[in-house]
$ cat model_35.csv   # CSV, C-alpha atoms
chain,number,residue,atom,x,y,z
A,13,MET,CA,41.3,8.7,22.8
A,14,LYS,CA,43.1,12.1,22.3
A,15,CYS,CA,40.8,12.8,19.3
A,16,ALA,CA,37.7,12.2,21.5
A,17,ASN,CA,39.1,14.6,24.2
A,18,LYS,CA,39.7,17.2,21.5
A,19,ILE,CA,36.2,16.8,20.2
A,20,VAL,CA,34.7,17.2,23.6
A,21,LEU,CA,36.8,20.3,24.2
A,22,VAL,CA,35.8,21.8,20.9
A,23,PHE,CA,32.2,21.0,21.7
A,24,CYS,CA,32.5,22.8,25.0
A,25,TYR,CA,34.0,25.9,23.3
A,26,ILE,CA,31.2,25.9,20.8
A,27,ILE,CA,28.6,25.8,23.6
A,28,ALA,CA,30.5,28.5,25.5
A,29,GLY,CA,30.5,30.7,22.4
A,30,ILE,CA,26.8,30.2,21.8
A,31,LEU,CA,25.9,31.0,25.4
A,32,SER,CA,28.2,34.1,25.4
A,33,LEU,CA,26.4,35.4,22.3
A,34,HIS,CA,23.1,34.8,24.0
A,35,PHE,CA,24.0,36.5,27.2
A,36,VAL,CA,26.1,39.3,25.8
A,37,GLY,CA,24.6,39.8,22.4
A,38,HIS,CA,21.6,41.9,23.3
A,39,GLU,CA,23.8,44.1,25.5
A,40,ALA,CA,26.4,44.7,22.8
A,41,PHE,CA,23.9,45.6,20.2
A,42,ALA,CA,21.8,47.8,22.4
A,43,ALA,CA,24.7,49.9,23.8
A,44,GLU,CA,23.3,53.2,22.7
A,45,LYS,CA,22.9,54.5,26.3
A,46,ALA,CA,26.1,53.6,28.1
A,47,SER,CA,25.8,56.1,31.0
A,48,SER,CA,26.1,53.9,34.0
A,49,TRP,CA,28.4,51.3,35.4
A,50,ARG,CA,25.7,48.7,36.1
A,51,PRO,CA,25.4,47.2,32.6
A,52,ILE,CA,29.2,46.6,32.6
A,53,TYR,CA,29.1,45.1,36.0
A,54,ASP,CA,26.3,42.7,34.9
A,55,LEU,CA,28.2,41.8,31.8
A,56,ILE,CA,31.4,41.0,33.7
A,57,LEU,CA,29.4,38.8,36.2
A,58,ARG,CA,27.7,37.0,33.3
A,59,TRP,CA,31.1,36.2,31.9
A,60,ILE,CA,32.3,35.0,35.3
A,61,ASN,CA,29.2,32.9,35.7
A,62,PHE,CA,29.6,31.5,32.2
A,63,GLY,CA,33.3,30.7,32.9
A,64,ILE,CA,32.2,28.9,36.1
A,65,ILE,CA,29.6,26.9,34.1
A,66,VAL,CA,32.2,26.0,31.5
A,67,PHE,CA,34.7,25.0,34.2
A,68,LEU,CA,32.2,22.8,35.9
A,69,VAL,CA,31.1,21.2,32.6
A,70,VAL,CA,34.7,20.6,31.6
A,71,LYS,CA,35.8,19.5,35.1
A,72,TYR,CA,32.9,17.3,36.2
A,73,ALA,CA,30.8,16.6,33.0
A,74,LYS,CA,33.8,15.7,30.8
A,75,THR,CA,34.3,12.2,32.1
A,76,PRO,CA,30.5,11.2,32.1
A,77,LEU,CA,30.2,12.9,28.6
A,78,MET,CA,33.2,11.0,27.4
A,79,ASN,CA,32.0,7.8,28.9
A,80,PHE,CA,28.6,8.4,27.3
A,81,LEU,CA,30.2,9.1,23.9
A,82,ARG,CA,32.5,6.0,24.2
A,83,GLY,CA,29.4,3.9,25.2
A,84,GLN,CA,27.6,5.2,22.1
A,85,LYS,CA,30.6,4.5,20.0
A,86,GLU,CA,30.9,0.9,21.3
A,87,LYS,CA,27.2,0.4,21.0
A,88,LEU,CA,27.3,1.6,17.4
A,89,ALA,CA,30.4,-0.5,16.7
A,90,ARG,CA,28.6,-3.6,18.0
A,91,GLU,CA,25.4,-2.7,16.0
A,92,ILE,CA,27.5,-2.3,12.9
A,93,LYS,CA,29.3,-5.6,13.5
A,94,ARG,CA,26.0,-7.3,14.1
A,95,LEU,CA,24.6,-5.9,10.9
A,96,GLU,CA,27.8,-6.8,9.0
A,97,ASN,CA,27.5,-10.4,10.3
A,98,LYS,CA,23.8,-10.5,9.4
A,99,GLN,CA,24.7,-9.1,5.9
A,100,GLN,CA,27.4,-11.8,5.5
A,101,GLY,CA,24.8,-14.5,6.6
A,102,ILE,CA,22.3,-13.2,4.1
A,103,SER,CA,24.9,-13.0,1.4
A,104,ALA,CA,25.8,-16.6,2.1
A,105,ASN,CA,22.1,-17.6,2.0
A,106,ILE,CA,21.8,-15.7,-1.3
A,107,GLU,CA,24.8,-17.5,-2.8
A,108,GLU,CA,23.5,-20.9,-1.5
A,109,THR,CA,20.1,-20.1,-3.0
A,110,LEU,CA,21.6,-19.2,-6.3
A,111,LYS,CA,23.7,-22.4,-6.3
A,112,THR,CA,20.5,-24.3,-5.5
A,113,ILE,CA,18.7,-22.6,-8.3
A,114,ASP,CA,21.5,-23.4,-10.8
A,115,GLU,CA,21.5,-27.0,-9.6
A,116,SER,CA,17.8,-27.3,-9.9
A,117,GLU,CA,17.9,-25.8,-13.4
A,118,VAL,CA,20.5,-28.5,-14.4
A,119,ARG,CA,18.4,-31.2,-12.8
A,120,PHE,CA,15.3,-29.8,-14.5
A,121,ALA,CA,17.1,-29.9,-17.9
A,122,GLU,CA,18.2,-33.5,-17.2
A,123,LEU,CA,14.7,-34.5,-16.0
A,124,LYS,CA,13.2,-32.9,-19.1
A,125,GLU,CA,15.6,-34.7,-21.4
A,126,ARG,CA,14.9,-38.0,-19.6
A,127,ILE,CA,11.2,-37.5,-19.9
A,128,VAL,CA,11.5,-36.7,-23.6
A,129,ARG,CA,13.6,-39.9,-24.1
A,130,GLN,CA,11.0,-41.9,-22.2
A,131,GLY,CA,8.2,-40.3,-24.3
A,132,GLU,CA,10.1,-41.2,-27.5
A,133,LYS,CA,10.5,-44.8,-26.3
A,134,LYS,CA,6.8,-45.0,-25.4
A,135,LYS,CA,5.9,-43.5,-28.7
A,136,GLU,CA,8.0,-46.1,-30.6
A,137,ALA,CA,6.5,-48.9,-28.5
A,138,ILE,CA,3.0,-47.6,-29.2
A,139,ILE,CA,3.8,-47.3,-32.9
A,140,GLN,CA,5.2,-50.9,-32.9
A,141,THR,CA,2.2,-52.2,-31.0
A,142,ALA,CA,-0.1,-50.4,-33.4
A,143,GLN,CA,1.8,-51.8,-36.4
A,144,LYS,CA,1.6,-55.3,-35.0
A,145,GLN,CA,-2.1,-54.9,-34.3
A,146,SER,CA,-2.7,-53.6,-37.7
A,147,LYS,CA,-0.8,-56.5,-39.3
A,148,MET,CA,-2.8,-58.9,-37.1
A,149,MET,CA,-6.1,-57.2,-38.1
A,150,LEU,CA,-5.1,-57.3,-41.8
A,151,GLU,CA,-4.2,-61.0,-41.5
A,152,ASP,CA,-7.4,-61.7,-39.7
A,153,ALA,CA,-9.4,-59.7,-42.3
A,154,LYS,CA,-7.6,-61.7,-45.1
A,155,ARG,CA,-8.4,-65.0,-43.3
A,156,ARG,CA,-12.0,-63.9,-43.0
A,157,ILE,CA,-12.1,-62.8,-46.6
A,158,ASP,CA,-10.6,-66.1,-47.7
A,159,THR,CA,-13.1,-68.0,-45.5
A,160,TYR,CA,-16.0,-66.0,-47.0
A,161,PHE,CA,-14.6,-66.5,-50.5
A,162,ILE,CA,-14.2,-70.3,-49.9
A,163,GLN,CA,-17.7,-70.4,-48.4
A,164,ALA,CA,-19.1,-68.4,-51.3
A,165,LYS,CA,-17.2,-70.7,-53.8
A,166,ASN,CA,-18.6,-73.8,-52.0
A,167,LYS,CA,-22.0,-72.3,-51.9
A,168,PHE,CA,-21.8,-71.4,-55.6
A,169,ARG,CA,-20.4,-74.9,-56.4
A,170,GLY,CA,-23.2,-76.5,-54.4
A,171,GLU,CA,-25.8,-74.4,-56.2
A,172,MET,CA,-24.2,-75.2,-59.5
A,173,ILE,CA,-24.2,-78.9,-58.6
A,174,ASP,CA,-27.8,-78.7,-57.5
A,175,ARG,CA,-28.7,-76.9,-60.7
A,176,ALA,CA,-26.8,-79.4,-62.8
A,177,ILE,CA,-28.6,-82.2,-61.0
A,178,ASP,CA,-31.9,-80.6,-61.6
A,179,LEU,CA,-31.1,-80.2,-65.2
A,180,ALA,CA,-29.8,-83.7,-65.4
A,181,ILE,CA,-33.0,-85.0,-63.8
A,182,GLU,CA,-35.0,-83.1,-66.3
A,183,ARG,CA,-32.9,-84.1,-69.4
A,184,ILE,CA,-31.7,-87.6,-68.6
A,185,PRO,CA,-35.1,-89.2,-68.7
A,186,LYS,CA,-35.6,-87.6,-72.1
A,187,GLU,CA,-32.2,-88.5,-73.4
A,188,ILE,CA,-31.6,-92.0,-72.0
A,189,THR,CA,-33.2,-94.9,-73.8
A,190,ALA,CA,-33.8,-98.3,-72.5
A,191,GLU,CA,-30.6,-99.5,-74.0
A,192,ASP,CA,-28.6,-96.8,-72.3
A,193,ASN,CA,-30.3,-97.8,-69.0
A,194,GLU,CA,-29.2,-101.4,-69.4
A,195,LYS,CA,-25.6,-100.5,-70.2
A,196,LEU,CA,-25.4,-98.2,-67.2
A,197,THR,CA,-26.8,-100.9,-64.9
A,198,ILE,CA,-24.2,-103.4,-66.2
A,199,GLU,CA,-21.4,-100.9,-65.7
A,200,TYR,CA,-22.5,-100.2,-62.2
A,201,ILE,CA,-22.7,-103.8,-61.3
A,202,THR,CA,-19.2,-104.4,-62.6
A,203,LEU,CA,-17.8,-101.5,-60.7
A,204,VAL,CA,-19.4,-102.6,-57.5
A,205,LYS,CA,-18.1,-106.1,-57.6
$ encode --input "model_35.csv" --output "structure tokens"
Amino acid sequence: MKCANKIVLVFCYIIAGILSLHFVGHEAFAAEKASSWRPIYDLILRWINFGIIVFLVVKYAKTPLMNFLRGQKEKLAREIKRLENKQQGISANIEETLKTIDESEVRFAELKERIVRQGEKKKEAIIQTAQKQSKMMLEDAKRRIDTYFIQAKNKFRGEMIDRAIDLAIERIPKEITAEDNEKLTIEYITLVK
């Protein structure tokens, strides 16, 4: 409070000094012709008027000026406090955001690891399924090959039998005599009985 009063008083003295230089300055520098009493009288009245103005400013404007300065000080203090609170809120938001980012990075790493594990499991399952299918396909192909081989063998055997029969039909009549025919008939009859 005393500091503010001193500041106002110094401020008033500064204003008074500036005004005195303004009022008196041109007279002091232009005092080449000092032959009459009128300029000195004017100078003295200017100082008296200036003193009256300073007295009125100090007496009546001091309180409103001080109130104005105090109001400005309080207003600035409130504004500074509001900005500090806002800054603290923003700092808290930044810290919370940084924590969230850190947590999301950890969750992202865990998610990535879990996805990789699931991918590896699916890969293994696909490989096992493909191996089973390839075994089944190989077994099926072997069965088909065996079937084709048996069919080809049977067909070849059938053709060989047909060819042997054809040859036998051609050669037997030439090779078998009537005696052989009788022996065969007797053997057949004995076997049938």
$ axis_aligned_box --input "model_35.csv" --around "stretch 148-156 of chain A" --padding-each-side "6 Å" --output "JSON"
{"center_x": -7.4, "center_y": -61.1, "center_z": -41.1, "size_x": 21.2, "size_y": 19.8, "size_z": 20.0}
$ atom_distance --input "model_35.csv" --atom1 "atom CA of A:Val66" --atom2 "atom CA of A:Gln84"
23.3 Å
$ atom_distance --input "model_35.csv" --atom1 "atom CA of A:Lys135" --atom2 "atom CA of A:Ala121"
20.7 Å
$ atom_distance --input "model_35.csv" --atom1 "atom CA of A:Lys167" --atom2 "atom CA of A:Ile184"
24.6 Å
